[in-house]
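Presented below is the structure to which this report refers.
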Amino acid sequence: MRPLSEVLQDWEAIIGLEIHTELTTLETKMFCGCKLSHDDEPNANVCPICLGMPGALPVPNEKAIESIVMAGIATNCEVMRRSMFYRKHYFYPDMAKNFQTTQGPVAFVMHGHLDLEVSGDGARERPEGAIEKAPDGSYVAPIRILRIHMEEDAAKMNHLGGAEGRIGGATESLIDYNRCGTPLIELVTEPDLRTPEEARLFMEKLRQIFLTLGISDCSLEHGSMRCDGNVSLRRRGTRELGTKSELKNLNSFKSLHDALAYEICRQAEVLESGGIVLQETRHWEPSRKRTVVMRVKETADDYRMYPDPDLVPFDLSDEFVERCRARVPELPDAKRSRYVSAWGLKPYDAARIAGEPAMASLFEAAAQAVDTSEVPMVANVVVNLVFGREDLMPRQVAGLARLLAGDAITFAQARELVELVAGTDRDPEKTADERGLRQSTDVQALADIVETVLQTCDDQVRQYRAGNKKVVGFLVGQCMKASHGNGNPKLFHQLLTQRLES
Amino acid sequence: MARLDELSARQIAAGIAAGDFTATEVAEAALEAVSERDAQVQAFLQVSADLALQAAAATDAARAAGRPLGVLAGVPVAFKDNMNLMGTRTTCASRMLEPYESAYTATCVQRLLDAGATPLGKLNMDEFAFGSTTDSSAFHPTNNPWDLSRVPGGSSGGSAAAVASGEVTIALGTDTGGSIRQPAALCGVVGMKPSYGMVSRYGVVAFGSSLDQVGPLARRVEDVAVTMGALTHGGRDCHDATSQDATRDFLSHLEDGVEGCAIGIIPALMEAEGLAPEVRSAMAVAAQRLETAGARIVEVDLPNMASAISAYYVIASCEAFSNLARFDGVRYGYQEPGCKTLAEQSALSRAHGFGPEAKRRQMLGAYLLASGIYDAYYLPAQQVRTLITADYERAFVQVDAILMPTSPTAAWKHGAISDPAALYLADIFTISNNIAGNCGISVPVMLGEESGLPIGAQLQGPAFADARLLTIARALEQAGDAAGMVAPSFAGGGGEL
């Protein structure tokens, strides 16, 4: 197979995503009062309604509808004032009623969009000329959202005795109905994505928005956020769409990217050798880095959809929609802009922090406790030392930032301090004093280290003298290592330069 | 000494409150009546003697402790077997659910129990409520107490027969296209289909979710009114998204009469093909009685009624297909033994669990919902529904209720009508009421001139005018002599208090 970059010069990939998100932060299921939980004993959270017992009726969870309306507002969708639930029929025991309650032609929210800012290596996946790019190669891709609709999740089935947990060849199938009836929102994009990187970024951006809204834990690993990708190819410059395949098992950002990249290359190879792409569902195998056929779709499935007579149509009031709008917090894009303009954060740091609500609130609280000039250092600490950790208090982060901003400790010492204060109420500044964690500014001691390092680095010294001044960075690193991370790197730099120039 | 089958619900509750007899004595008398009469009537699928005696003992204990008694304290009731009651099986008269033990109790059942009723058991029906004879029960037919060789009607045939034979004071039935009113008419009792949304459907095995409604059958309009009060006590049920808050008072104005009321009749309907002359003349008698009582008779029209049967069999079959999809033998109910694959197990459990009519309706529904077919049938059927509802709205501007037959004939012999389409046509007078979601009630008028069997008159009222409809029904009942009537061959036998 040819590499992606080459393939995309000749072919245009048309990619659409279907993204399912479980509303894990709600307390109860979509149509009954059962507790939502991923880790209870199998079939602990079930009742006549989610088990589809005779005579049981659904009652919609209003909080779930608030969540989907918030999701719609946050993705620039139109809130449809009148919509209803439909029944989608298929016989399989993971859906206790043998129909799934979902939505019909009109979803709660429709016709939205998200703008993706694509930069760096990923931006190169789009060939030059295919879209207007900035001088640094970055570009903005507007991605339309067709709809976000509400539905209920199916039960989890465990097939035992067969290969790879599939039903074929299994001797036993166990059903855990805990997940059955979990509120699920499905976002469907228009086929506006053109590269695997754009797909990955879309998913990432959506995850950040949903996390910020607090409607889901958005765990790809545990399946509370799941993505299917549809992809087809057409020759650059042509209009007619090709046959698409549907990709499953994209349970990480990397899988989403790599599976699409593989599939684009595979389809190109098929087409270039005169073959045809079949309309099929393909399974991504991350370990073997390939997609394999799950099933071929010869005819469209007939789900016999019709409006659910047990659930009356919804007429969302202005008041309801406004209440939802008021609950939408500042979203990652707006947060990022504010961090850059108010505090001068680096765009990369601002974006990373703004994308993770827990980090954003840690950062903002810590930023309150330092001088404005030290805020970028707070961001540095959050991004590079404590990202993703939940065991540090804002004032500890602020303390670390102050120490670093004042050149009192090195980054290596800061890393050590994080471990010492994490999960306690210790103050980093006091702890640094107690442990003697202060970067060394003893010029004589550092000069001794410089001498030792230079003796072992003849090559680099020669290179420097030959005009390669950059090599001093390597030598600073060697000195830091020799000082066990306690030396002041600026002083080392100064001393090294003096010695080498002399 | 009183005879249980002569007492109204209120008389029983009052007798217990006054200490004339205990709830346990009533329960024992009722169980005795059931054991004496049901060998012939075969209305019951299960008799829940233990539950009955427990409930009665609780009522007696409440009285002894001086606690207030419910409006149905000690009143013997029974439930159509599509209603869940913990401690019983809920079979829908189908092999498919023959082994199914209720996992919970339906709201309508619970509300009667909360009102103090004594549950005698579960009553026969057409399988999954598909039918109008009760002959499609997978277990046994039920016999009309007026003539055991005849059908009791259906699908709530067990409910009507149990009431008509004096086995119970009140029974609950369900009505999707006439399944309460038609058997009530054929068995000579009162049967009411409340407005859609009036009574919770939670815990009642669904047939046509947008049409189904639970309602009472009894020998007196007053007993129906008391039961309606109990069913709606507590207001809308939060477990049923289609249930609504409406009046809960059906008694204050029950005896107000029909002075100044306008009652509609539809002349064209009286010329309907297949309408028995004795039914036509009974309708004339009913109209005459209402007029004598002070009502005005006004001619109205429901021009789209002719399309009601077609629309009904599309909508009801589609909903039935969907509602019965859950019966696959995986989690409960009949499971075909020895299957090798899931598909085989589901297919054979359904093939052998469902009877012919249940399969016919589901196949029809599956066909009608298929892509390409849906647009040609389901959507027009819903449009017809809108037209029929509008027809009623226009008529109810002029009149308080519309009088018409319940069934085109009196009860027929078992097996006399075998063509399903002919049976479907017998629903002509009842179906449009479900389509529009209005309320309807069948009241016995007289015995047929020719058949000597009971003939019921149907009154239909606007949605949520159920209390008003009961007042009119009471006036019609009062003008005749059928109130409290027990089928003659059973009256007076057993059930002494």
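Simple scheme: letters A, B, ... for chains in structure tokens order, numbers from 1 for residues in each chain, numbers from 1 for ligands in the order shown.
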Quick one: contact table of chain B to chain A, 7 Å max, nearest atom pair and distance in Å to one decimal per residue, counting only C-alpha atoms, chain and number order, as a tab-separated table?
residue	atom	partner	partner_atom	distance
B:Tyr202	CA	A:Ala56	CA	5.8
B:Gly203	CA	A:Gly55	CA	4.1
B:Val204	CA	A:Gly55	CA	4.4
B:Val205	CA	A:Gly55	CA	3.8
B:Ala206	CA	A:Gly55	CA	5.8
B:Ser209	CA	A:Pro309	CA	5.7
B:Ser210	CA	A:Pro309	CA	5.4
B:His239	CA	A:Val59	CA	6.3
B:Asp240	CA	A:Leu57	CA	6.2
B:Ala241	CA	A:Val59	CA	5.5
B:Thr242	CA	A:Asp310	CA	6.5
B:Ala325	CA	A:Asn98	CA	5.7
B:Arg326	CA	A:Lys97	CA	4.4
B:Leu369	CA	A:Arg304	CA	5.1
B:Ala370	CA	A:Arg304	CA	5.3
B:Ser371	CA	A:Asp302	CA	6.4
Checklist entry - Can you tell me, as a list of chain:residue names, what residues are no more than 10 Å from Ser155 of chain B when counting only C-alpha atoms, ignoring any on the same chain fewer than 6 positions away? => result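 The residues satisfying every condition are B:Lys80, B:Asn124, B:Met125, B:Asp126, B:Glu127, B:Phe128, B:Ala129, B:Phe130, B:Gly131, B:Ser132, B:Thr133, B:Thr134, B:Asp135, B:Ser136, B:Ser137, B:Gly173, B:Thr174, B:Asp175, B:Thr176, B:Gly177, B:Gly178, B:Ser179, B:Ile180, B:Arg181, B:Gln182, B:Pro183.
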Write the residues you've just listed into a file as a short mmCIF file (atom, residue, chain, number, x, y, z; two decimals), in the first residue's frame, and include C-alpha atoms for each of them.
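Result written to again-v7.cif:
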data_model
loop_
_atom_site.label_atom_id
_atom_site.label_comp_id
_atom_site.auth_asym_id
_atom_site.auth_seq_id
_atom_site.Cartn_x
_atom_site.Cartn_y
_atom_site.Cartn_z
CA LYS B 80 -58.11 -9.61 33.17
CA ASN B 124 -59.72 -15.35 30.78
CA MET B 125 -59.36 -13.34 27.58
CA ASP B 126 -58.59 -13.67 23.92
CA GLU B 127 -54.90 -14.40 23.52
CA PHE B 128 -53.05 -11.10 24.07
CA ALA B 129 -56.48 -9.40 23.72
CA PHE B 130 -56.70 -10.18 19.99
CA GLY B 131 -60.34 -11.08 19.44
CA SER B 132 -63.93 -10.53 20.38
CA THR B 133 -65.01 -14.00 21.57
CA THR B 134 -62.45 -15.15 24.20
CA ASP B 135 -62.35 -18.36 22.13
CA SER B 136 -58.73 -17.61 21.18
CA SER B 137 -57.55 -18.17 24.76
CA GLY B 173 -60.80 -5.31 31.57
CA THR B 174 -58.90 -3.59 28.80
CA ASP B 175 -60.41 -2.06 25.70
CA THR B 176 -58.36 -1.49 22.54
CA GLY B 177 -61.22 -1.57 20.03
CA GLY B 178 -64.23 -2.49 22.15
CA SER B 179 -62.86 -5.24 24.36
CA ILE B 180 -64.62 -4.03 27.50
CA ARG B 181 -67.85 -2.67 26.02
CA GLN B 182 -68.63 -5.52 23.64
CA PRO B 183 -68.39 -8.40 26.18
#
Item to check | Picked from segment 181-384 of chain A by DSSP as helix (DSSP H, G or I), as a VMD selection string | outcome: chain A and resid 196 to 213 253 to 272 318 to 327 332 to 343 347 to 355 357 to 368 372 to 384
Item to check | strand (DSSP E or B) call set, DSSP backbone run, segment 182-386 of chain A, as an MDAnalysis selection string | outcome: chainID A and resid 183:189 193 225:235 245:248 280:285 290:296 306:307 314:315
Checklist entry - Counting only C-alpha atoms, what is within 7 Å of Leu302 of chain B, bar same-chain residues fewer than 3 positions away, as a PyMOL selection string? => result chain B and resi 305+391-392
Next on the checklist: Measuring between only C-alpha atoms, which one of B:Met270, B:Ala381, B:Ala351, B:Leu172 shows the shortest distance to Leu368 of chain B?
Outcome noted: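 Distance minimum relative to Leu368 of chain B lands on B:Ala381.
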Checklist entry - Taking into account only C-alpha atoms, which residue in the set B:Ser48, B:Thr169, B:Gln335, B:Ser307 is nearest to Leu120 of chain B? => result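 Residue with the minimum atom-to-atom distance to Leu120 of chain B: B:Ser48.
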Next on the checklist: List the spatial neighbours of Leu348 of chain B as a PyMOL selection string - criterion: any atom at most 10 Å away, only C-alpha atoms, same-chain residues fewer than 5 positions off excluded.
Outcome noted: chain B and resi 328-329+334-337+339+342-343+353-354
Next on the checklist: Excluding His20 of chain A and its own-chain neighbours fewer than 3 positions away, which residues fall within 8 Å of it when counting only C-alpha atoms? Please give them as a PyMOL selection string.
Outcome noted: chain A and resi 184-187+224-227
Next on the checklist: as number ranges by chain, please: the residues near Arg266 of chain A (cut-off 12 Å, only C-alpha atoms, same-chain neighbours under 6 positions excluded).
Outcome noted: A: 1-4, 7, 11, 13, 231-233, 245, 258-260, 272-273, 275-278, 282, 289-292
May I have the selected residues written with C-alpha atoms, as a PDB file, in the first residue's frame?
ATOM      1  CA  MET A   1       0.000   0.000   0.000  1.00  0.00           C
ATOM      2  CA  ARG A   2       1.144   3.538  -0.750  1.00  0.00           C
ATOM      3  CA  PRO A   3       1.615   5.923   2.198  1.00  0.00           C
ATOM      4  CA  LEU A   4      -1.256   8.185   3.185  1.00  0.00           C
ATOM      5  CA  VAL A   7      -2.636   8.603  -1.590  1.00  0.00           C
ATOM      6  CA  TRP A  11      -7.620  10.873  -3.875  1.00  0.00           C
ATOM      7  CA  ALA A  13     -11.185  11.043   1.365  1.00  0.00           C
ATOM      8  CA  VAL A 231     -15.055   6.717   4.635  1.00  0.00           C
ATOM      9  CA  SER A 232     -15.075   6.698   0.859  1.00  0.00           C
ATOM     10  CA  LEU A 233     -12.667   7.974  -1.794  1.00  0.00           C
ATOM     11  CA  SER A 245     -17.114   1.441   4.309  1.00  0.00           C
ATOM     12  CA  ASP A 258      -4.841   4.990  12.187  1.00  0.00           C
ATOM     13  CA  ALA A 259      -7.901   3.011  11.123  1.00  0.00           C
ATOM     14  CA  LEU A 260      -9.032   5.793   8.802  1.00  0.00           C
ATOM     15  CA  GLU A 272      -6.116   1.693  -8.378  1.00  0.00           C
ATOM     16  CA  SER A 273      -5.929  -2.011  -9.175  1.00  0.00           C
ATOM     17  CA  GLY A 275     -11.365  -3.260  -8.099  1.00  0.00           C
ATOM     18  CA  ILE A 276     -14.492  -1.917  -6.424  1.00  0.00           C
ATOM     19  CA  VAL A 277     -14.998  -0.964  -2.795  1.00  0.00           C
ATOM     20  CA  LEU A 278     -17.802  -2.970  -1.200  1.00  0.00           C
ATOM     21  CA  ARG A 282     -15.011  -3.313   8.945  1.00  0.00           C
ATOM     22  CA  LYS A 289      -2.914  -2.315  12.255  1.00  0.00           C
ATOM     23  CA  ARG A 290      -5.525  -3.305   9.713  1.00  0.00           C
ATOM     24  CA  THR A 291      -9.287  -3.398   9.191  1.00  0.00           C
ATOM     25  CA  VAL A 292     -11.106  -6.675   8.543  1.00  0.00           C
TER      26      VAL A 292
END
Next on the checklist: For a quick check of understanding, using only C-alpha atoms, which of A:Ser37, A:Ser317, A:Ser252, A:Thr238 has the smallest distance to Tyr177 of chain A?
Outcome noted: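 When distances to Tyr177 of chain A are compared using only C-alpha atoms, the smallest one comes from A:Ser37.
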Checklist entry - Can you tell me how far atom CA of Cys318 of chain B sits from atom CA of Ala366 of chain B, in Å to one decimal? => result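 Those two atoms sit 6.7 Å apart.
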Checklist outcome for this item: Nearest to Ala218 of chain B, restricted to only C-alpha atoms and choosing among B:Ala56, B:Ala160, B:Ala416, B:Val300, comes out as B:Ala160
Checklist entry - Any idea what's packed within 7 Å of Thr430 of chain B, counting only C-alpha atoms, ignoring anything in its chain fewer than 2 positions away? Could you give it as a list in words? => result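 Here the answer would be Gly177, Gly178, Thr406, Asp427, Ile428, Ser432 and Asn433 of chain B.
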Checklist entry - So how far away is atom CA of Ala262 of chain B from atom CA of Val399 of chain B, in Å? => result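 Between atom CA of Val399 of chain B and atom CA of Ala262 of chain B the gap works out to 4.7 Å.
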